[in-house]
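This report refers to the structure that appears directly beneath it.
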Amino acid sequence: MARLENQPSADARGGPALKRALTTPLLYFFILGDVLGAGVYVLVGQVAADAGGAVWVPLVVALLLAMLTAASYAELATKYPRAGGASHYATRAFGPFAGFVAGFCMLAAGIVSVAALARGFGGDYLSAFVTLPVGLVAVLFLALLALVNARGIKESTRANVAATVVEVGGLLVIVVLGVWLLLRGDGDPARLGQLGTPEKGAAAAVLSGSVLAYYSFVGFETSVNVAEETRDPRRSYPRALFGALATAGAVYVLVGLAASVAVPTSRLAGSSGPLLEVVETAGGVPTRLFSAIALVAVANGALLTGIMSSRLAYGMARDGLLPAALTKVLPGRRTPWAAIAVTTLLSMILALTGSVATLASTLVLLLLVVFLMVNTAVLVLRRDDRGEADHFRAPTVLPVLGIASCVVLATQIEAEVWLRGLLVVAVGTVLASLGAVRRAARGAGPAGRG
């Protein structure tokens with residue numbers, strides 16, 4: 001087979017091809033920037049509240065569980081190296097109905113993620129500068145992001161790299177401060193082995209904490225959309241994906257170790273800015289400086305996710321999958337103002353009606369629905385479709401374990417979160433049904449596999 005480097009990717013329908021420009025290192029940093037986000041800045045305390053002082057254990061478990069589904073994404077992205085992601089894979093395996101539900105759950109997950117980050121922005125990190133009601137800050141924050149989004153944002157590699165450097169720099173500061181506390185005798189290593197809470201035993205605490213920790217690793221799933229633009233994706237994509245996840249996991253585990261050693265578990269669990277507690281305990285780093293770093297990380301994550309959500313809503317509306325009103329754009333800026341307004345309004349409502357932990361768990365539940373489809377699609381498509389020749393193939397046990405991991409994590413999600421998640425899935429199911437009726441009315445006949 002001829003090498004694919006520098007060759008345009010072929011569209012199965014003969015449409016315009018995308019240039020294969022991403023090398024393995026570039027793809028690695030793209031995925032790492034997606035995964036290393038703001039979640040860990042906000043959720044370490046919530047993980048401690050669920051799991052106890054051994055915060056690092058749920059982080060390791062969440063990494064391993066994420067790797068299982070990542071293996072399925074690696075197989076599908078190299079088998080079908082084109083944009084579309086989970087929706088495309090579900091459509092090929094189960095038909096357009098399932099594909100729409102997968103895409104709708106991804107859209108809803110993005111909206112929920114922005115709401116969670118908005119509440120995180122209004123917490124203890126902002127309190128280092130000014131004290132305001134969290135709900136008010138979340139609404140104003142989201143309104144400002146919507147205006148920036150509507151104004152139009154040119155993608156800049158340097159800006160993305162700078163944002164990632166700021167985020168990683170803040171996390172490395174926490175690791176260094178944890179080591180410094182240990183060296184001067186002020187840390188408590190005994191907390192690293194404390195698993196469980198008064199309400200939960202060790203096993204239940206790890207599983208419960210892993211649901212929240214899982215939030216810190218999401219983002220890798222969006223990288224499948226650039227597989228079409230990657231040189232030799234069969235080799236590059238798996239290496240970049242697993243390498244980026246391993247790097248993010250190492251950073252997160254070190255942060256968890258440092259936070260547990262530095263701060264008493266009860267204090268960590270009660271803070272909406274848990275890493276700021278480490279800075280205050282260690283000293284030497286101005287709290288306002290670190291708070292500014294954390295706020296940059298949270299704002300950047302919320303903005304990028306908001307852009308993705310509004311464009312996904314616009315794209316689904318343009319394809320006739322959502323109301324056509326969402327396709328309206330500003331005449332001068334050419335940005336999808338209607339999609340931005342609707343997704344922002346939904347994020348505002350969620351931010352006012354749920355805590356960071358509840359919203360993070362809701363996002364995880366929605367992604368578990370998507371990941372369950374993806375892991376199952378791997379097995380179905382092995383039987384029905386050979387796809388690209390010489391693609392990456394995950395050992396069969398991995399997608400099977402991936403399916404099991406989705407089910408196990410879902411059992412640890414609280415009833416309140418299930419209610420929110422099932423409502424979203426129900427809306428997606430209704431819209432998918434309406435779409436199937438419209439296709440039938442147009443004479444498309446029964447929807448087969450794509």
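Ligands are numbered from 1 in the order shown, residues from 1 within each chain, and chains are lettered A, B, ... in the order they appear in the structure tokens.
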Would you mind listing, for every residue of region 23-94 of chain A within 9 Å of region 190-199 of chain A, the two atoms forming the shortest contact and the distance between them in Å to one decimal, using only C-alpha atoms, sorted by chain and ascending residue number, as JSON lines?
```
{"residue": "A:Ala49", "atom": "CA", "partner": "A:Thr197", "partner_atom": "CA", "distance": 7.8}
{"residue": "A:Asp50", "atom": "CA", "partner": "A:Thr197", "partner_atom": "CA", "distance": 7.0}
{"residue": "A:Ala51", "atom": "CA", "partner": "A:Gly196", "partner_atom": "CA", "distance": 5.2}
{"residue": "A:Gly52", "atom": "CA", "partner": "A:Leu195", "partner_atom": "CA", "distance": 5.1}
{"residue": "A:Gly53", "atom": "CA", "partner": "A:Arg191", "partner_atom": "CA", "distance": 5.0}
{"residue": "A:Ala54", "atom": "CA", "partner": "A:Leu192", "partner_atom": "CA", "distance": 4.4}
{"residue": "A:Val55", "atom": "CA", "partner": "A:Leu192", "partner_atom": "CA", "distance": 7.4}
{"residue": "A:Trp56", "atom": "CA", "partner": "A:Leu192", "partner_atom": "CA", "distance": 7.7}
{"residue": "A:Val57", "atom": "CA", "partner": "A:Leu195", "partner_atom": "CA", "distance": 8.4}
```
Hey, what's within 7 Å of region 128-140 of chain A if we count only C-alpha atoms and toss same-chain stuff fewer than 2 positions away? As a VMD selection string, please?
chain A and resid 118 to 119 122 to 126 142 to 144 288 291 348 351 to 352
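Atom pair CA of Ala244 (chain A) / CA of Ala66 (chain A) has a distance of 11.8 Å (rounded to one decimal).
Here the question is which of A:Gly103, A:Val329, A:Gly320, A:Val175 gets nearest to Val251 (chain A) using only C-alpha atoms, and that residue is A:Val175.
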Could you tell me how far CA of Val218 (chain A) sits from CA of Leu431 (chain A), in Å to one decimal place?
25.6 Å
Name all residues at most 12 Å from Gly185 (chain A) (count only C-alpha atoms; drop same-chain ones fewer than 5 positions away) and give them as a short mmCIF file (atom, residue, chain, number, x, y, z; two decimals) with N, CA and C atoms, in the first residue's frame.
```cif
data_model
loop_
_atom_site.label_atom_id
_atom_site.label_comp_id
_atom_site.auth_asym_id
_atom_site.auth_seq_id
_atom_site.Cartn_x
_atom_site.Cartn_y
_atom_site.Cartn_z
N GLY A 178 3.93 20.40 46.27
CA GLY A 178 3.71 19.19 47.05
C GLY A 178 5.03 18.56 47.48
N VAL A 179 5.99 18.50 46.56
CA VAL A 179 7.32 17.97 46.89
C VAL A 179 7.99 18.84 47.95
N TRP A 180 7.86 20.16 47.78
CA TRP A 180 8.47 21.09 48.73
C TRP A 180 7.89 20.91 50.13
N VAL A 261 -1.16 15.13 49.86
CA VAL A 261 -0.08 15.30 50.84
C VAL A 261 -0.17 16.68 51.50
N ALA A 262 -0.52 17.67 50.73
CA ALA A 262 -0.43 19.06 51.20
C ALA A 262 -1.60 19.50 52.07
N ALA A 282 1.39 25.83 51.08
CA ALA A 282 2.83 25.79 50.83
C ALA A 282 3.48 27.16 50.95
#
```
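CA of Arg267 (chain A) to CA of Ile413 (chain A) spans 23.9 Å [interatomic distance, one decimal].
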Write out as CSV the residues of region 259-322 of chain A that have any atom within 12 Å of an atom of region 108-114 of chain A, one row each with the nearest atom pair and its distance in Å to one decimal, counting only C-alpha atoms, sorted by chain and then rising number.
```
residue,atom,partner,partner_atom,distance
A:Val298,CA,A:Val114,CA,9.5
A:Ala299,CA,A:Val114,CA,9.4
A:Asn300,CA,A:Val114,CA,10.5
A:Gly301,CA,A:Val114,CA,8.0
A:Ala302,CA,A:Val114,CA,5.0
A:Leu303,CA,A:Val114,CA,7.8
A:Leu304,CA,A:Val114,CA,9.1
A:Thr305,CA,A:Gly110,CA,6.0
A:Gly306,CA,A:Val114,CA,6.3
A:Ile307,CA,A:Gly110,CA,9.4
A:Met308,CA,A:Gly110,CA,7.5
A:Ser309,CA,A:Gly110,CA,5.5
A:Ser310,CA,A:Ile111,CA,8.8
A:Arg311,CA,A:Gly110,CA,10.9
A:Leu312,CA,A:Gly110,CA,9.4
A:Ala313,CA,A:Ala108,CA,9.6
```
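Minimum distance to Leu379 (chain A) across A:Gly428, A:Gly284, A:Pro399, A:Pro96 (counting only C-alpha atoms) occurs at A:Pro399.
Every protein or nucleic acid residue with an atom no more than 6 Å from Thr24 (chain A), counting only C-alpha atoms and leaving out same-chain residues fewer than 3 positions away, appears here: Leu27, Ser236 and Ala240 of chain A.
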Those same residues, written as a PDB file, in the first residue's frame with N, CA, C and O atoms?
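part.pdb written:
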```pdb
ATOM      1  N   LEU A  27      -0.173  15.923  16.219  1.00  0.00           N
ATOM      2  CA  LEU A  27      -1.404  15.289  16.669  1.00  0.00           C
ATOM      3  C   LEU A  27      -1.352  15.016  18.176  1.00  0.00           C
ATOM      4  O   LEU A  27      -2.352  15.188  18.889  1.00  0.00           O
ATOM      5  N   SER A 236       0.189   6.883  13.138  1.00  0.00           N
ATOM      6  CA  SER A 236       0.300   8.112  13.916  1.00  0.00           C
ATOM      7  C   SER A 236      -0.788   8.247  14.974  1.00  0.00           C
ATOM      8  O   SER A 236      -0.515   8.633  16.117  1.00  0.00           O
ATOM      9  N   ALA A 240      -0.160   8.839  19.012  1.00  0.00           N
ATOM     10  CA  ALA A 240      -0.456  10.160  19.561  1.00  0.00           C
ATOM     11  C   ALA A 240      -1.542  10.075  20.631  1.00  0.00           C
ATOM     12  O   ALA A 240      -1.448  10.725  21.688  1.00  0.00           O
TER      13      ALA A 240
END
```
Within region 7-174 of chain A, find each residue whose DSSP state, derived from the backbone, is helix (DSSP H, G or I), and express the selection as a ChimeraX atom specification.
/A:24-35,39-51,56-79,85-94,96-121,124-127,134-151,157-174
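Among the candidates A:Leu330, A:Val370, A:Leu36, A:Ala116, the residue lying nearest to Ala163 (chain A) is A:Leu36 (atoms considered: only C-alpha atoms).
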